[in-house]
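As provided, query.txt (compact mmCIF, C-alpha atoms and all ligand atoms) reads as follows.
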```txt
# COMPACT_ATOMS: atom_id res chain seq x y z
CA MET U 1 8.67 7.72 -2.07
CA ARG U 2 4.98 7.93 -2.97
CA PHE U 3 2.00 7.11 -0.76
CA PHE U 4 -0.83 4.65 -1.13
CA ILE U 5 -3.50 4.26 1.54
CA ASP U 6 -3.90 0.82 3.09
CA THR U 7 -7.59 0.45 3.80
CA ALA U 8 -10.96 -0.54 2.35
CA LYS U 9 -12.71 2.22 4.31
CA VAL U 10 -14.09 4.52 1.62
CA GLU U 11 -14.45 7.62 3.87
CA ASP U 12 -10.75 7.45 4.81
CA ILE U 13 -9.72 7.00 1.18
CA LYS U 14 -11.72 10.08 0.19
CA LYS U 15 -10.23 12.16 3.02
CA ALA U 16 -6.65 11.18 2.09
CA TYR U 17 -7.24 11.67 -1.64
CA ASP U 18 -8.77 15.11 -1.08
CA MET U 19 -5.67 16.07 0.93
CA GLY U 20 -3.67 15.34 -2.26
CA ILE U 21 -1.26 12.92 -0.61
CA ILE U 22 -2.13 9.49 -2.01
CA CYS U 23 -1.87 8.11 -5.53
CA GLY U 24 -3.11 4.55 -4.97
CA VAL U 25 -4.89 2.15 -2.63
CA THR U 26 -4.13 -1.29 -1.26
CA THR U 27 -6.65 -3.64 0.32
CA ASN U 28 -6.32 -7.14 1.69
CA PRO U 29 -8.83 -9.82 2.78
CA SER U 30 -8.73 -8.66 6.43
CA LEU U 31 -9.41 -5.03 5.48
CA ILE U 32 -12.28 -5.99 3.15
CA ALA U 33 -13.77 -8.29 5.83
CA LYS U 34 -13.55 -5.44 8.38
CA GLU U 35 -15.86 -3.32 6.19
CA GLY U 36 -18.34 -6.24 5.88
CA ARG U 37 -19.21 -5.24 2.29
CA VAL U 38 -19.18 -7.03 -1.06
CA PHE U 39 -15.64 -6.96 -2.53
CA GLU U 40 -16.62 -5.82 -6.05
CA GLU U 41 -18.82 -3.00 -4.71
CA VAL U 42 -16.12 -1.62 -2.42
CA ILE U 43 -13.49 -1.80 -5.15
CA ALA U 44 -15.75 -0.06 -7.70
CA GLU U 45 -16.44 2.72 -5.19
CA ILE U 46 -12.72 3.14 -4.46
CA ALA U 47 -11.99 3.30 -8.21
CA SER U 48 -14.50 6.14 -8.54
CA ILE U 49 -12.50 8.17 -5.97
CA VAL U 50 -8.84 7.42 -6.74
CA ASP U 51 -7.32 7.53 -10.21
CA GLY U 52 -4.34 5.30 -9.49
CA PRO U 53 -3.39 1.69 -8.83
CA ILE U 54 -5.85 -0.22 -6.60
CA SER U 55 -4.73 -3.56 -5.23
CA GLY U 56 -7.47 -6.15 -4.73
CA GLU U 57 -6.43 -9.52 -3.38
CA VAL U 58 -7.51 -12.96 -4.56
CA LYS U 59 -9.71 -14.80 -2.05
CA ALA U 60 -7.89 -15.87 1.12
CA THR U 61 -9.25 -19.39 0.55
CA THR U 62 -7.81 -19.72 -2.97
CA GLU U 63 -4.48 -21.50 -2.83
CA ASP U 64 -3.94 -23.00 -6.30
CA ALA U 65 -2.51 -21.10 -9.28
CA GLU U 66 -5.46 -21.90 -11.55
CA GLY U 67 -7.92 -20.45 -9.03
CA MET U 68 -5.79 -17.33 -8.50
CA ILE U 69 -5.46 -16.81 -12.26
CA ALA U 70 -9.23 -17.08 -12.78
CA GLU U 71 -9.93 -14.66 -9.91
CA GLY U 72 -7.14 -12.35 -11.02
CA ARG U 73 -8.69 -12.02 -14.47
CA GLU U 74 -12.04 -11.10 -12.87
CA ILE U 75 -10.42 -8.54 -10.54
CA ALA U 76 -8.63 -6.97 -13.52
CA LYS U 77 -11.97 -6.58 -15.32
CA ILE U 78 -13.45 -4.43 -12.51
CA HIS U 79 -11.44 -1.33 -13.52
CA LYS U 80 -8.42 -0.40 -15.65
CA ASN U 81 -6.47 0.59 -12.49
CA MET U 82 -6.83 -2.77 -10.77
CA VAL U 83 -3.73 -4.59 -9.54
CA VAL U 84 -4.15 -8.24 -8.56
CA LYS U 85 -2.68 -8.94 -5.15
CA ILE U 86 -1.35 -12.48 -4.80
CA PRO U 87 0.23 -14.17 -1.77
CA MET U 88 3.90 -15.14 -2.00
CA THR U 89 3.77 -18.90 -2.50
CA ALA U 90 4.99 -21.21 -5.28
CA GLU U 91 1.43 -21.31 -6.63
CA GLY U 92 1.22 -17.54 -6.31
CA LEU U 93 4.39 -17.17 -8.40
CA LYS U 94 2.84 -19.32 -11.15
CA ALA U 95 -0.29 -17.19 -11.11
CA CYS U 96 1.80 -14.00 -11.16
CA LYS U 97 3.75 -15.18 -14.22
CA GLN U 98 0.57 -16.05 -16.13
CA LEU U 99 -1.30 -12.85 -15.24
CA ALA U 100 1.77 -10.74 -16.07
CA SER U 101 1.98 -12.44 -19.48
CA GLU U 102 -1.61 -11.30 -20.09
CA GLY U 103 -0.68 -7.71 -19.26
CA ILE U 104 -2.41 -7.78 -15.85
CA LYS U 105 -0.61 -5.88 -13.08
CA THR U 106 0.24 -7.83 -9.94
CA ASN U 107 1.30 -7.11 -6.37
CA MET U 108 3.00 -10.04 -4.63
CA THR U 109 2.16 -9.72 -0.97
CA LEU U 110 3.26 -11.22 2.35
CA ILE U 111 6.92 -10.74 1.44
CA PHE U 112 9.27 -11.20 4.38
CA THR U 113 12.68 -11.75 2.72
CA ALA U 114 14.67 -10.21 -0.09
CA ASN U 115 14.77 -13.61 -1.80
CA GLN U 116 10.97 -13.77 -1.89
CA ALA U 117 10.95 -10.30 -3.44
CA LEU U 118 13.51 -11.29 -6.08
CA LEU U 119 11.52 -14.40 -7.02
CA ALA U 120 8.34 -12.32 -7.32
CA ALA U 121 10.15 -9.81 -9.53
CA ARG U 122 11.43 -12.58 -11.77
CA ALA U 123 7.87 -13.95 -12.07
CA GLY U 124 6.89 -10.56 -13.48
CA ALA U 125 5.34 -8.85 -10.45
CA THR U 126 4.61 -5.16 -10.96
CA TYR U 127 4.92 -4.58 -7.20
CA VAL U 128 6.23 -6.47 -4.17
CA SER U 129 4.87 -5.78 -0.69
CA PRO U 130 7.34 -6.45 2.15
CA PHE U 131 5.58 -6.31 5.55
CA LEU U 132 7.61 -4.05 7.79
CA GLY U 133 5.54 -4.09 10.99
CA ARG U 134 5.01 -7.84 11.08
CA LEU U 135 8.78 -8.40 10.88
CA ASP U 136 9.31 -5.90 13.71
CA ASP U 137 6.65 -7.85 15.67
CA ILE U 138 8.91 -10.91 15.69
CA SER U 139 12.07 -8.95 16.53
CA VAL U 140 13.42 -8.87 12.96
CA ARG U 141 14.18 -5.38 11.66
CA GLY U 142 11.63 -4.90 8.88
CA VAL U 143 13.44 -1.91 7.47
CA ASP U 144 16.52 -4.07 6.78
CA CYS U 145 14.39 -6.27 4.53
CA ILE U 146 13.33 -3.21 2.55
CA SER U 147 16.92 -1.93 2.24
CA GLU U 148 18.06 -5.33 0.97
CA ILE U 149 15.29 -5.51 -1.62
CA ALA U 150 16.02 -1.96 -2.79
CA ALA U 151 19.75 -2.71 -3.13
CA ILE U 152 19.16 -5.99 -4.99
CA PHE U 153 16.58 -4.49 -7.35
CA LYS U 154 18.96 -1.63 -8.14
CA ALA U 155 21.93 -3.94 -8.75
CA ALA U 156 19.86 -6.34 -10.87
CA LYS U 157 18.11 -3.48 -12.73
CA VAL U 158 14.69 -4.83 -11.70
CA ASP U 159 11.70 -2.65 -12.60
CA THR U 160 9.37 -4.14 -9.96
CA GLN U 161 8.38 -1.47 -7.46
CA ILE U 162 8.64 -1.87 -3.70
CA ILE U 163 5.50 -1.09 -1.68
CA ALA U 164 6.41 -0.96 2.02
CA ALA U 165 3.38 -2.49 3.78
CA SER U 166 2.38 -3.19 7.36
CA VAL U 167 3.38 0.37 8.16
CA ARG U 168 2.26 1.13 11.70
CA ASN U 169 3.68 4.54 12.65
CA PRO U 170 5.37 7.69 11.28
CA ILE U 171 8.87 6.40 12.11
CA HIS U 172 8.19 3.40 9.87
CA VAL U 173 7.36 5.85 7.07
CA THR U 174 10.66 7.73 7.41
CA ASP U 175 12.56 4.43 7.65
CA CYS U 176 10.94 3.10 4.44
CA ALA U 177 11.73 6.28 2.55
CA LEU U 178 15.38 6.17 3.66
CA ALA U 179 15.59 2.44 2.84
CA GLY U 180 14.57 3.06 -0.78
CA ALA U 181 10.92 1.95 -0.95
CA ASP U 182 9.16 3.33 -4.03
CA ILE U 183 5.83 3.52 -2.21
CA ALA U 184 4.59 3.19 1.38
CA THR U 185 1.03 1.99 1.86
CA VAL U 186 -0.13 3.58 5.06
CA PRO U 187 -3.30 3.46 7.19
CA PHE U 188 -5.22 6.76 7.43
CA SER U 189 -4.48 7.13 11.16
CA VAL U 190 -0.73 7.17 10.44
CA LEU U 191 -1.08 9.64 7.54
CA ASP U 192 -3.12 11.89 9.81
CA THR U 193 -0.52 11.71 12.61
CA MET U 194 2.17 12.61 10.07
CA THR U 195 0.48 15.95 9.38
CA LYS U 196 0.85 17.06 13.00
CA HIS U 197 3.57 18.65 15.11
CA PRO U 198 3.12 20.55 18.40
CA LEU U 199 5.39 23.37 17.13
CA THR U 200 3.16 23.76 14.06
CA ASP U 201 0.13 24.19 16.34
CA ALA U 202 2.07 26.58 18.60
CA GLY U 203 3.26 28.56 15.55
CA ILE U 204 -0.28 28.90 14.18
CA ALA U 205 -1.54 30.06 17.60
CA LYS U 206 1.25 32.66 17.88
CA PHE U 207 0.71 34.00 14.33
CA LYS U 208 -2.99 34.30 15.09
CA LYS U 209 -2.41 36.08 18.42
CA ASP U 210 0.14 38.54 16.92
CA TYR U 211 -2.08 39.27 13.90
CA MET U 212 -5.20 39.82 15.98
CA ALA U 213 -3.35 42.12 18.42
CA VAL U 214 -2.80 44.59 15.56
CA PHE U 215 -5.58 43.91 13.04
CA GLY U 216 -8.34 42.41 15.20
CA GLU U 217 -10.51 39.71 13.63
O1 LIG U 301 -0.70 -4.00 3.52
C1 LIG U 301 -0.57 -5.01 4.48
C2 LIG U 301 -1.03 -4.50 5.78
O2 LIG U 301 -2.38 -4.21 5.71
C3 LIG U 301 -0.75 -5.37 6.93
O3 LIG U 301 -0.68 -4.54 8.03
O4 LIG U 301 -0.68 -3.93 10.37
O5 LIG U 301 -1.97 -5.96 9.59
O6 LIG U 301 0.51 -5.99 9.65
P1 LIG U 301 -0.69 -5.14 9.50
```
Transcribe the structure of this file into structure tokens.
Ligand code: G3P
Amino acid sequence: MRFFIDTAKVEDIKKAYDMGIICGVTTNPSLIAKEGRVFEEVIAEIASIVDGPISGEVKATTEDAEGMIAEGREIAKIHKNMVVKIPMTAEGLKACKQLASEGIKTNMTLIFTANQALLAARAGATYVSPFLGRLDDISVRGVDCISEIAAIFKAAKVDTQIIAASVRNPIHVTDCALAGADIATVPFSVLDTMTKHPLTDAGIAKFKKDYMAVFGE
């Protein structure tokens, strides 16, 4: 399983990219709004840092396929790595099919069932984004959704890749990897937590103490 970072915060993207752990970025309307910056500017800046797929979502207020297609074409023009993120609706499927036929990469988002993922794949989606944490929030095991999608895509020989989204903690990350997600898109805080273990810190402190006892500084 590969890692994308799920944020529009440029400093966090740079930190994660410099650590060598991410190969793509996902944003959504809430994350862009949180930064309070112009969409195109943020995306262009992200593209100058990360050489990999960058998902930019159509406007949250655009609900018809024609509008999503027009916006999707504009998003695709920003940079060669752009992926157009589209919400999972009947109109979104139409837009996905059209954009895919034009060679534009798409990420169907707000996926909560395996059936939604299969429909998105059949409409030509490059990626599907099942939301793990939001399913857990309503007492439905999000990881089961990812396992089902992975099993169905394998059986049906579907090329669409699974991006586990709404990842909230390190256990989610392990669960997604075991369930067969191709990618997990993870907030920086979770990636950072994943680097840490108290025994690693204790080991470093002991190595340092033992080394210094013999060799000094
Ligand atoms: O990629 C989707 C993700 O940003 C949603 O996460 O934590 O708002 O459910 P969350």
Can I get the residues of chain U within 9 Å of ligand LIG 301 (chain U), each with the closest pair of atoms and their distance in Å to one decimal, using only C-alpha atoms and all ligand atoms, sorted chain first then ascending number, as a Markdown table?
```
| residue | atom | partner | partner_atom | distance |
| --- | --- | --- | --- | --- |
| U:Ile5 | CA | U:LIG301 | O1 | 8.9 |
| U:Asp6 | CA | U:LIG301 | O1 | 5.8 |
| U:Thr7 | CA | U:LIG301 | O2 | 7.2 |
| U:Thr26 | CA | U:LIG301 | O1 | 6.5 |
| U:Thr27 | CA | U:LIG301 | O1 | 6.8 |
| U:Asn28 | CA | U:LIG301 | O2 | 6.3 |
| U:Ser30 | CA | U:LIG301 | O2 | 7.8 |
| U:Leu31 | CA | U:LIG301 | O2 | 7.1 |
| U:Thr109 | CA | U:LIG301 | C1 | 7.7 |
| U:Leu110 | CA | U:LIG301 | C1 | 7.6 |
| U:Ser129 | CA | U:LIG301 | O1 | 7.2 |
| U:Pro130 | CA | U:LIG301 | C1 | 8.4 |
| U:Phe131 | CA | U:LIG301 | C1 | 6.4 |
| U:Leu132 | CA | U:LIG301 | O6 | 7.6 |
| U:Gly133 | CA | U:LIG301 | O6 | 5.5 |
| U:Arg134 | CA | U:LIG301 | O6 | 5.1 |
| U:Leu135 | CA | U:LIG301 | O6 | 8.7 |
| U:Asp137 | CA | U:LIG301 | O6 | 8.8 |
| U:Ile163 | CA | U:LIG301 | O1 | 8.6 |
| U:Ala164 | CA | U:LIG301 | O1 | 7.9 |
| U:Ala165 | CA | U:LIG301 | O1 | 4.4 |
| U:Ser166 | CA | U:LIG301 | O3 | 3.4 |
| U:Val167 | CA | U:LIG301 | O4 | 6.3 |
| U:Arg168 | CA | U:LIG301 | O4 | 6.0 |
| U:Thr185 | CA | U:LIG301 | O1 | 6.5 |
| U:Val186 | CA | U:LIG301 | O1 | 7.8 |
| U:Pro187 | CA | U:LIG301 | O2 | 7.9 |
```
**Report entry** Near-region 138-150 of chain U list (7 Å; only C-alpha atoms; drop same-chain fewer than 2 positions) as a PyMOL selection string
**Finding:** chain U and resi 113-114+117+130+132-136+152-154+175-176+179-181
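For the choices U:Glu91, U:Ala8, U:Ile162, U:Leu191, the atom-to-atom distance to Gly20 (chain U) is smallest for U:Leu191 when using only C-alpha atoms.
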Requested in this report: State, in Å with one decimal place, the distance from CA of Glu71 (chain U) to CA of Arg122 (chain U).
Outcome: 21.5 Å
So that all listed atoms of region 86-105 of chain U fit with 5 Å spare on each side, what axis-aligned box centre and edge lengths in Å, to one decimal, would you give as lines of an AutoDock Vina configuration file?
```
center_x = 1.3
center_y = -13.6
center_z = -10.9
size_x = 17.4
size_y = 25.4
size_z = 28.3
```
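Residues lying within 10 Å of Ala90 (chain U), counting all atoms listed in the file and ignoring same-chain neighbours fewer than 2 positions away, are U:Glu63, U:Asp64, U:Ala65, U:Pro87, U:Met88, U:Gly92, U:Leu93, U:Lys94, U:Ala95, U:Cys96, U:Leu119, U:Ala120.
In this structure, CA of Lys80 (chain U) sits 13.7 Å away from CA of Glu40 (chain U).
Here CA of Ser48 (chain U) is placed at a distance of 20.5 Å from CA of Lys34 (chain U).
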Requested in this report: Measuring atom to atom with all atoms listed in the file, identify which of U:Ile78, U:Ile171, U:Ala177, U:Ile22 is nearest to Glu41 (chain U).
Outcome: U:Ile78
Requested in this report: Would you list the contacts of Leu99 (chain U) as a VMD selection string, taking every protein, DNA or RNA residue within 8 Å and counting all atoms listed in the file, but skipping same-chain residues closer than 5 positions in sequence?
Outcome: chain U and resid 69 72 to 73 104 to 106
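Among the candidate residues U:Phe39, U:Lys97, U:Pro170, U:Ile46, the one lying nearest to Glu74 (chain U) is U:Phe39, with distances computed using only C-alpha atoms.
Distances from U:Val173, U:Asp210, U:Glu217, U:Gln98 to Met194 (chain U) were compared using only C-alpha atoms, and the smallest one belongs to U:Val173.
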